[in-house]
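Text of target28.tsv (TSV, C-alpha atoms) as supplied:
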```tsv
chain	number	residue	atom	x	y	z
A	40	MET	CA	109.07	124.88	79.82
A	41	PRO	CA	111.43	127.81	79.11
A	42	GLU	CA	111.12	131.12	80.94
A	43	ARG	CA	111.85	133.31	77.91
A	44	LEU	CA	111.14	133.15	74.19
A	45	ARG	CA	111.65	135.36	71.15
A	46	ILE	CA	109.06	134.81	68.42
A	47	TYR	CA	109.04	136.31	64.94
A	48	ILE	CA	105.63	136.23	63.27
A	49	ILE	CA	105.26	136.83	59.55
A	50	GLY	CA	102.42	136.48	57.08
A	51	VAL	CA	100.24	138.26	54.59
A	52	GLY	CA	97.82	141.03	55.43
A	53	GLY	CA	94.44	139.68	56.47
A	54	GLN	CA	95.73	136.38	57.89
A	55	GLY	CA	95.43	137.46	61.51
A	56	THR	CA	99.09	137.63	62.49
A	57	LEU	CA	98.52	140.66	64.66
A	58	THR	CA	95.80	138.91	66.63
A	59	VAL	CA	98.23	136.11	67.45
A	60	ALA	CA	100.84	138.62	68.61
A	61	ARG	CA	98.26	140.30	70.81
A	62	LEU	CA	97.06	137.02	72.33
A	63	LEU	CA	100.61	135.94	73.10
A	64	GLY	CA	101.44	139.24	74.75
A	65	GLU	CA	98.24	139.43	76.77
A	66	THR	CA	98.53	135.81	77.90
A	67	ALA	CA	102.06	136.40	79.12
A	68	LEU	CA	100.97	139.46	81.11
A	69	ARG	CA	98.12	137.52	82.73
A	70	ARG	CA	100.67	134.92	83.82
A	71	GLY	CA	102.89	137.57	85.38
A	72	LEU	CA	105.49	137.53	82.61
A	73	GLU	CA	106.90	140.59	80.91
A	74	ALA	CA	106.05	140.86	77.23
A	75	VAL	CA	107.16	143.17	74.45
A	76	VAL	CA	105.43	143.26	71.07
A	77	SER	CA	107.26	145.10	68.31
A	78	GLU	CA	105.80	147.67	65.99
A	79	VAL	CA	103.99	146.26	62.99
A	80	HIS	CA	105.65	146.45	59.60
A	81	GLY	CA	103.87	145.90	56.32
A	82	MET	CA	100.47	146.45	54.74
A	83	ALA	CA	98.06	144.58	56.97
A	84	GLN	CA	94.98	145.59	55.00
A	85	ARG	CA	96.37	145.24	51.47
A	86	GLY	CA	97.71	141.74	51.27
A	87	GLY	CA	101.27	142.87	51.86
A	88	ILE	CA	103.83	141.37	54.21
A	89	VAL	CA	103.06	141.77	57.90
A	90	GLU	CA	105.80	141.06	60.42
A	91	THR	CA	106.08	141.54	64.14
A	92	ALA	CA	108.11	140.19	67.04
A	93	VAL	CA	106.88	138.99	70.40
A	94	LEU	CA	109.49	138.83	73.15
A	95	LEU	CA	108.39	137.02	76.28
A	96	GLY	CA	110.05	136.84	79.67
A	97	GLY	CA	111.83	140.08	80.46
A	98	TYR	CA	113.29	141.51	77.28
A	99	LYS	CA	113.49	145.29	77.49
A	100	GLY	CA	113.41	146.29	73.84
A	101	PRO	CA	111.32	145.25	70.85
A	102	VAL	CA	114.18	144.87	68.38
A	103	LEU	CA	114.80	141.38	67.05
A	104	GLY	CA	118.06	141.34	65.14
A	105	ARG	CA	119.55	138.86	62.70
A	106	GLY	CA	119.48	135.34	64.08
A	107	GLY	CA	117.47	136.55	67.06
A	108	ALA	CA	114.29	134.49	66.68
A	109	GLU	CA	114.05	131.26	68.60
A	110	VAL	CA	110.77	130.57	66.83
A	111	ILE	CA	109.54	131.77	63.44
A	112	LEU	CA	105.79	131.44	62.96
A	113	ALA	CA	105.01	131.83	59.26
A	114	PHE	CA	101.44	131.98	58.01
A	115	GLU	CA	102.50	131.52	54.37
A	116	PRO	CA	105.42	129.44	53.04
A	117	LEU	CA	107.04	132.15	50.94
A	118	GLU	CA	107.12	134.35	54.04
A	119	ALA	CA	108.88	131.58	55.94
A	120	LEU	CA	111.56	131.58	53.27
A	121	ARG	CA	111.75	135.36	53.38
A	122	ALA	CA	112.12	135.38	57.16
A	123	VAL	CA	115.03	132.95	57.11
A	124	LEU	CA	116.79	133.53	53.80
A	125	ALA	CA	116.18	137.24	53.15
A	126	PHE	CA	115.66	138.77	56.59
A	127	GLY	CA	118.02	136.43	58.44
A	128	LYS	CA	115.86	136.13	61.54
A	129	ALA	CA	116.73	132.47	62.21
A	130	SER	CA	119.81	130.81	63.65
A	131	PRO	CA	120.81	127.13	63.59
A	132	ARG	CA	118.96	126.82	66.94
A	133	SER	CA	115.66	128.21	65.66
A	134	TRP	CA	112.38	126.42	65.14
A	135	VAL	CA	110.31	127.33	62.08
A	136	LEU	CA	106.60	126.53	61.90
A	137	THR	CA	105.03	127.28	58.55
A	138	ASN	CA	101.73	126.95	56.78
A	139	THR	CA	102.29	125.13	53.50
A	140	HIS	CA	99.38	126.69	51.60
A	141	PRO	CA	100.70	129.42	49.28
A	142	ILE	CA	99.19	132.82	48.57
A	143	ARG	CA	100.63	133.91	45.27
A	144	PRO	CA	101.68	137.59	45.18
A	145	ILE	CA	100.16	139.91	42.60
A	146	THR	CA	103.51	140.04	40.81
A	147	VAL	CA	103.21	136.30	40.14
A	148	SER	CA	99.57	136.67	39.03
A	149	LEU	CA	100.68	139.37	36.59
A	150	LYS	CA	103.54	137.14	35.40
A	151	LEU	CA	106.08	139.66	36.61
A	152	GLY	CA	107.73	137.09	38.82
A	153	GLU	CA	107.75	133.40	39.69
A	154	TYR	CA	106.66	131.65	42.84
A	155	PRO	CA	109.51	129.42	44.05
A	156	ASP	CA	109.48	125.63	44.00
A	157	LEU	CA	108.27	125.18	47.57
A	158	GLU	CA	109.49	121.64	48.08
A	159	ARG	CA	113.03	122.53	47.06
A	160	ALA	CA	113.02	125.87	48.86
A	161	LEU	CA	111.73	124.44	52.13
A	162	ALA	CA	114.31	121.67	51.91
A	163	GLU	CA	116.99	124.36	51.73
A	164	LEU	CA	115.44	126.13	54.68
A	165	GLU	CA	115.34	122.91	56.72
A	166	GLY	CA	119.11	122.64	56.59
A	167	ARG	CA	119.53	126.06	58.17
A	168	VAL	CA	117.44	125.67	61.32
A	169	ALA	CA	117.07	123.29	64.25
A	170	ARG	CA	113.59	122.16	63.26
A	171	LEU	CA	111.15	122.88	60.46
A	172	ILE	CA	107.51	121.94	61.02
A	173	LYS	CA	105.14	122.14	58.06
A	174	LEU	CA	101.35	121.92	58.19
A	175	ASP	CA	98.49	122.85	55.90
A	176	ALA	CA	96.98	125.33	58.32
A	177	THR	CA	94.59	126.63	55.68
A	178	ALA	CA	92.95	123.21	55.30
A	179	LEU	CA	92.76	122.79	59.07
A	180	ALA	CA	91.10	126.20	59.41
A	181	GLU	CA	88.47	125.18	56.91
A	182	GLU	CA	87.97	121.94	58.81
A	183	ALA	CA	87.44	123.96	61.98
A	184	GLY	CA	84.66	125.90	60.32
A	185	SER	CA	86.18	129.09	58.94
A	186	PRO	CA	89.23	129.97	56.82
A	187	LEU	CA	89.57	133.04	59.04
A	188	SER	CA	90.65	130.77	61.90
A	189	LEU	CA	93.99	130.12	60.18
A	190	ASN	CA	95.72	132.22	62.82
A	191	MET	CA	94.30	130.04	65.60
A	192	VAL	CA	95.61	126.93	63.85
A	193	MET	CA	99.07	128.48	63.79
A	194	LEU	CA	98.77	129.53	67.43
A	195	GLY	CA	97.85	125.96	68.35
A	196	ALA	CA	100.82	124.72	66.35
A	197	LEU	CA	103.09	126.98	68.37
A	198	ALA	CA	101.54	125.82	71.64
A	199	ALA	CA	102.22	122.19	70.73
A	200	THR	CA	105.98	122.79	70.65
A	201	GLU	CA	105.95	123.42	74.42
A	202	LEU	CA	108.45	126.23	73.86
A	203	LEU	CA	106.13	128.89	75.26
A	204	PRO	CA	106.64	129.96	78.88
A	205	PHE	CA	103.02	129.16	79.71
A	206	PRO	CA	100.67	126.22	78.99
A	207	ALA	CA	98.30	125.93	76.06
A	208	GLU	CA	95.36	126.25	78.43
A	209	ALA	CA	96.37	129.83	79.18
A	210	LEU	CA	96.02	130.67	75.49
A	211	GLU	CA	92.62	129.02	75.36
A	212	GLU	CA	91.44	131.41	78.06
A	213	GLY	CA	92.53	134.35	75.92
A	214	ILE	CA	90.86	132.91	72.82
A	215	ARG	CA	87.54	132.60	74.64
A	216	ALA	CA	87.71	136.19	75.85
A	217	PHE	CA	88.95	137.73	72.60
A	218	ALA	CA	85.97	136.90	70.38
A	219	PRO	CA	83.28	135.05	72.35
A	220	GLY	CA	81.04	134.65	69.33
A	221	TRP	CA	83.77	132.82	67.45
A	222	ALA	CA	85.17	130.93	70.43
A	223	ALA	CA	83.96	127.48	69.36
A	224	VAL	CA	85.48	127.73	65.88
A	225	ASN	CA	88.67	129.35	67.13
A	226	LEU	CA	89.19	126.79	69.88
A	227	ARG	CA	88.59	123.97	67.40
A	228	ALA	CA	91.16	125.48	65.04
A	229	PHE	CA	93.60	125.91	67.93
A	230	GLN	CA	93.18	122.26	68.87
A	231	LEU	CA	93.61	121.05	65.29
A	232	GLY	CA	96.88	122.98	65.04
A	233	ARG	CA	98.08	121.48	68.32
A	234	GLU	CA	97.21	117.98	67.23
A	235	ALA	CA	98.89	118.33	63.85
A	236	VAL	CA	102.18	119.46	65.35
A	237	ALA	CA	102.00	116.98	68.23
A	238	ARG	CA	101.71	114.19	65.66
A	239	ALA	CA	104.62	115.58	63.65
A	240	LEU	CA	106.81	115.76	66.75
A	241	ALA	CA	105.83	112.26	67.83
A	242	GLU	CA	106.71	110.90	64.39
A	243	THR	CA	110.07	112.64	64.54
A	244	ARG	CA	110.83	111.11	67.93
A	245	THR	CA	109.80	107.67	66.70
A	246	THR	CA	112.03	107.98	63.62
A	247	ALA	CA	114.94	109.23	65.69
A	248	GLY	CA	114.47	106.39	68.17
```
So, in terms of structure tokens, how does the structure I just supplied come out?
Amino acid sequence: MPERLRIYIIGVGGQGTLTVARLLGETALRRGLEAVVSEVHGMAQRGGIVETAVLLGGYKGPVLGRGGAEVILAFEPLEALRAVLAFGKASPRSWVLTNTHPIRPITVSLKLGEYPDLERALAELEGRVARLIKLDATALAEEAGSPLSLNMVMLGALAATELLPFPAEALEEGIRAFAPGWAAVNLRAFQLGREAVARALAETRTTAG
């Protein structure tokens, strides 16, 4: 388990990216680790891009420069592409975890632009990073009981990588405290995300072996 980690979180307004950033930061502090959460950029309430950085383990500033993210957590596949190809947040050592369910921008709906071919685009992305993990987090959220639990699916996916400087159980404590009335659904979503990524990693190890 590493002692430090730089995470770049990106998604669309309303997907709960900021809640994930908050839970990561608060969990780190409860475990005695320093945490810095960057300022939020984007239009959280209008369906625009929302991006933030969470730096765990003693980083002094909130700035995450080009190639600075060890993990990119993308709640929408186009935003994963944007984070890596447009914003340059990844390096060849980075892990990228992305939801595969697209949210088409209004420009595409108005036929003012085209949504990229995801299969081809993600294949290009895969060649630029250490590991790309894809999961239909939207479907898993619905399976958990609420599409609003998408963020908990993605948080569980991150926990399954074992890259965080604290165990998954520490995050579960924060989930219970954050919204007690939704704890059962959120914890189920968290577990489904963990299981999906654990399976993907196990399959990769089996193939490599």
Exercise for review: List the neighbours of A:Ala125 out to 12 Å using only C-alpha atoms; skip same-chain residues closer than 5 positions along the sequence, and give me the result as a VMD selection string.
Suggested key: chain A and resid 105 to 106 117 to 120 164
Practice item. Name the residues, using the chain letters and numbers of the file, that sit within 12 Å of (103.5, 126.6, 78.0) when counting all atoms listed in the file, and give them as a PyMOL selection string. Key: chain A and resi 40-44+63+66-67+70+95+194-195+197-211
Exercise for review: Could you give me, as a PyMOL selection string, the residues that sit within 12 Å of (99.5, 136.4, 66.3) in the file's coordinates, counting all atoms listed in the file?
Suggested key: chain A and resi 46-66+76-77+79+89-93+111-114+188-197+210+214
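Closest approach to A:Gly184 among A:Arg167, A:Arg159, A:Arg227, A:Arg215: A:Arg227, based on only C-alpha atoms.
Using all atoms listed in the file, the smallest distance between any of A:Arg69, A:Arg244, A:Arg238, A:Arg45 and A:Ala129 comes from A:Arg45.
Proximity to A:Thr243 was assessed for A:Ala228, A:Ile172, A:Ala223, A:Ala108 counting all atoms listed in the file; the smallest distance is recorded for A:Ile172.
Each of A:Ala122, A:Val236, A:Val110, A:Leu68 was checked against A:Gly97 using all atoms listed in the file; the smallest atom-to-atom distance is that of A:Leu68.
Considering only C-alpha atoms, the residue among A:Phe229, A:Pro116, A:Arg132, A:Ala241 positioned nearest to A:Gly213 is A:Phe229.
The shortest atom-to-atom distance to A:Leu226, with all atoms listed in the file taken into account, belongs to A:Ser185 out of A:Thr177, A:Asn138, A:Ser133, A:Ser185.
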Check your understanding: Could you work out how far atom CA of A:Phe217 lies from atom CA of A:Gly87, giving the answer in Å with one decimal?
Key -> 24.7 Å
**Study point:** Point-to-point distance in Å for atom CA of A:Pro141 and atom CA of A:Glu158
**Key:** 11.8 Å
Practice item. Mind giving me the straight-line distance from atom CA of A:Ala176 to atom CA of A:Ala216 in Å, one decimal? Key: 22.6 Å
Exercise for review: Skip A:Glu163 itself and residues of its chain fewer than 5 positions away, then list as a VMD selection string all residues within 12 Å of it, counting only C-alpha atoms.
Suggested key: chain A and resid 119 to 120 123 to 124 155 to 158 168 171
